[in-house]
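This is run-v1.pdb (PDB, C-alpha atoms).
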```pdb
ATOM      1  CA  MET A   4    -151.022-159.812  -7.275  1.00  0.00           C
ATOM      2  CA  GLU A   5    -151.211-159.218  -3.535  1.00  0.00           C
ATOM      3  CA  ALA A   6    -149.500-155.852  -4.004  1.00  0.00           C
ATOM      4  CA  LEU A   7    -152.215-154.816  -6.468  1.00  0.00           C
ATOM      5  CA  LEU A   8    -154.898-155.879  -4.011  1.00  0.00           C
ATOM      6  CA  GLN A   9    -153.331-153.807  -1.239  1.00  0.00           C
ATOM      7  CA  LYS A  10    -153.137-150.803  -3.567  1.00  0.00           C
ATOM      8  CA  TYR A  11    -156.844-151.285  -4.335  1.00  0.00           C
ATOM      9  CA  VAL A  12    -157.651-151.458  -0.611  1.00  0.00           C
ATOM     10  CA  ARG A  13    -155.770-148.209   0.024  1.00  0.00           C
ATOM     11  CA  HIS A  14    -157.655-146.593  -2.847  1.00  0.00           C
ATOM     12  CA  LEU A  15    -160.990-147.690  -1.383  1.00  0.00           C
ATOM     13  CA  GLU A  16    -160.108-146.556   2.130  1.00  0.00           C
ATOM     14  CA  LEU A  17    -158.340-143.286   1.407  1.00  0.00           C
ATOM     15  CA  GLU A  18    -159.664-141.959  -1.878  1.00  0.00           C
ATOM     16  CA  ARG A  19    -163.168-143.358  -1.909  1.00  0.00           C
ATOM     17  CA  SER A  20    -163.805-143.345   1.876  1.00  0.00           C
ATOM     18  CA  ILE A  21    -165.562-146.709   1.649  1.00  0.00           C
ATOM     19  CA  SER A  22    -166.768-148.175   4.948  1.00  0.00           C
ATOM     20  CA  PRO A  23    -164.556-150.866   6.527  1.00  0.00           C
ATOM     21  CA  LEU A  24    -167.284-153.491   6.131  1.00  0.00           C
ATOM     22  CA  THR A  25    -167.630-152.737   2.425  1.00  0.00           C
ATOM     23  CA  VAL A  26    -163.851-152.856   1.984  1.00  0.00           C
ATOM     24  CA  ARG A  27    -163.789-156.237   3.721  1.00  0.00           C
ATOM     25  CA  ASN A  28    -166.494-157.573   1.403  1.00  0.00           C
ATOM     26  CA  TYR A  29    -164.773-156.220  -1.714  1.00  0.00           C
ATOM     27  CA  VAL A  30    -161.475-157.786  -0.624  1.00  0.00           C
ATOM     28  CA  SER A  31    -163.220-161.108  -0.044  1.00  0.00           C
ATOM     29  CA  ASP A  32    -164.670-160.995  -3.551  1.00  0.00           C
ATOM     30  CA  VAL A  33    -161.328-160.077  -5.124  1.00  0.00           C
ATOM     31  CA  ARG A  34    -159.522-162.809  -3.176  1.00  0.00           C
ATOM     32  CA  GLY A  35    -162.070-165.316  -4.486  1.00  0.00           C
ATOM     33  CA  PHE A  36    -161.330-164.194  -8.036  1.00  0.00           C
ATOM     34  CA  LEU A  37    -157.570-164.317  -7.464  1.00  0.00           C
ATOM     35  CA  SER A  38    -157.924-167.818  -6.037  1.00  0.00           C
ATOM     36  CA  PHE A  39    -159.839-168.857  -9.134  1.00  0.00           C
ATOM     37  CA  LEU A  40    -157.096-167.393 -11.320  1.00  0.00           C
ATOM     38  CA  GLY A  41    -154.508-169.377  -9.397  1.00  0.00           C
ATOM     39  CA  GLU A  42    -156.489-172.577  -9.934  1.00  0.00           C
ATOM     40  CA  GLN A  43    -156.500-171.788 -13.657  1.00  0.00           C
ATOM     41  CA  GLY A  44    -152.724-171.245 -13.663  1.00  0.00           C
ATOM     42  CA  ILE A  45    -153.108-167.535 -14.377  1.00  0.00           C
ATOM     43  CA  ASP A  46    -150.498-165.501 -12.524  1.00  0.00           C
ATOM     44  CA  SER A  47    -151.025-162.068 -14.070  1.00  0.00           C
ATOM     45  CA  LEU A  48    -154.056-159.897 -14.694  1.00  0.00           C
ATOM     46  CA  ASP A  49    -152.604-159.314 -18.160  1.00  0.00           C
ATOM     47  CA  ASN A  50    -153.478-162.938 -18.932  1.00  0.00           C
ATOM     48  CA  VAL A  51    -157.162-162.628 -17.985  1.00  0.00           C
ATOM     49  CA  THR A  52    -159.368-162.902 -21.053  1.00  0.00           C
ATOM     50  CA  ARG A  53    -163.059-162.576 -21.704  1.00  0.00           C
ATOM     51  CA  SER A  54    -163.201-166.391 -21.598  1.00  0.00           C
ATOM     52  CA  THR A  55    -161.553-166.370 -18.179  1.00  0.00           C
ATOM     53  CA  MET A  56    -164.169-163.950 -16.891  1.00  0.00           C
ATOM     54  CA  ARG A  57    -167.017-166.012 -18.332  1.00  0.00           C
ATOM     55  CA  LEU A  58    -165.621-169.164 -16.743  1.00  0.00           C
ATOM     56  CA  TYR A  59    -165.313-167.394 -13.388  1.00  0.00           C
ATOM     57  CA  LEU A  60    -168.840-165.975 -13.533  1.00  0.00           C
ATOM     58  CA  GLY A  61    -170.130-169.412 -14.479  1.00  0.00           C
ATOM     59  CA  SER A  62    -168.359-170.914 -11.481  1.00  0.00           C
ATOM     60  CA  LEU A  63    -170.112-168.389  -9.240  1.00  0.00           C
ATOM     61  CA  GLN A  64    -173.491-169.396 -10.650  1.00  0.00           C
ATOM     62  CA  ILE A  65    -172.727-173.093 -10.114  1.00  0.00           C
ATOM     63  CA  GLY A  66    -171.684-172.316  -6.533  1.00  0.00           C
ATOM     64  CA  ARG A  67    -174.993-170.560  -5.903  1.00  0.00           C
ATOM     65  CA  ALA A  68    -176.994-173.481  -7.214  1.00  0.00           C
ATOM     66  CA  HIS A  69    -175.430-175.707  -4.570  1.00  0.00           C
ATOM     67  CA  VAL A  70    -176.110-173.413  -1.623  1.00  0.00           C
TER      68      VAL A  70
END
```
Transcribe the structure of this file into structure tokens.
Amino acid sequence: MEALLQKYVRHLELERSISPLTVRNYVSDVRGFLSFLGEQGIDSLDNVTRSTMRLYLGSLQIGRAHV
């Protein structure tokens, strides 16, 4: 999935002309999601379901409550 992330970064930098700081923040967010997927044993974006997304978003809310 790293190759997909790098393709996304190139898209942001070259086609969208996003600022480096914004790209860095987007990459951080995507890496967090990819890490979550790894913890769930999901190794392909094809295997991400609506339930996966809900679980991830819920984990973000729980993380915020503890900050």
- Neighbours of region 47-52 of chain A within 10 Å (all atoms listed in the file; same-chain residues fewer than 4 positions away dropped), as a ChimeraX atom specification? /A:4,7,37,40-41,56-58
- Note on the structure: One decimal place gives the CA of Val33 (chain A)-CA of Lys10 (chain A) separation as 12.5 Å
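Atom pair CA of Tyr29 (chain A) / CA of Val12 (chain A) has a distance of 8.6 Å (rounded to one decimal).
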Can you sort out the box for region 47-50 of chain A, edges along x, y and z, all listed atoms in, 8 Å on every side, with centre and edge lengths in Å to one decimal, as AutoDock Vina command-line options?
```
--center_x -152.5 --center_y -161.1 --center_z -16.5 --size_x 19.0 --size_y 19.6 --size_z 20.9
```
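When CA of Phe39 (chain A) is paired with CA of Leu8 (chain A), their separation reads 14.8 Å.
Considering all atoms listed in the file, the residue among A:Arg53, A:Glu42, A:Val30, A:Pro23 positioned nearest to Glu5 (chain A) is A:Val30.
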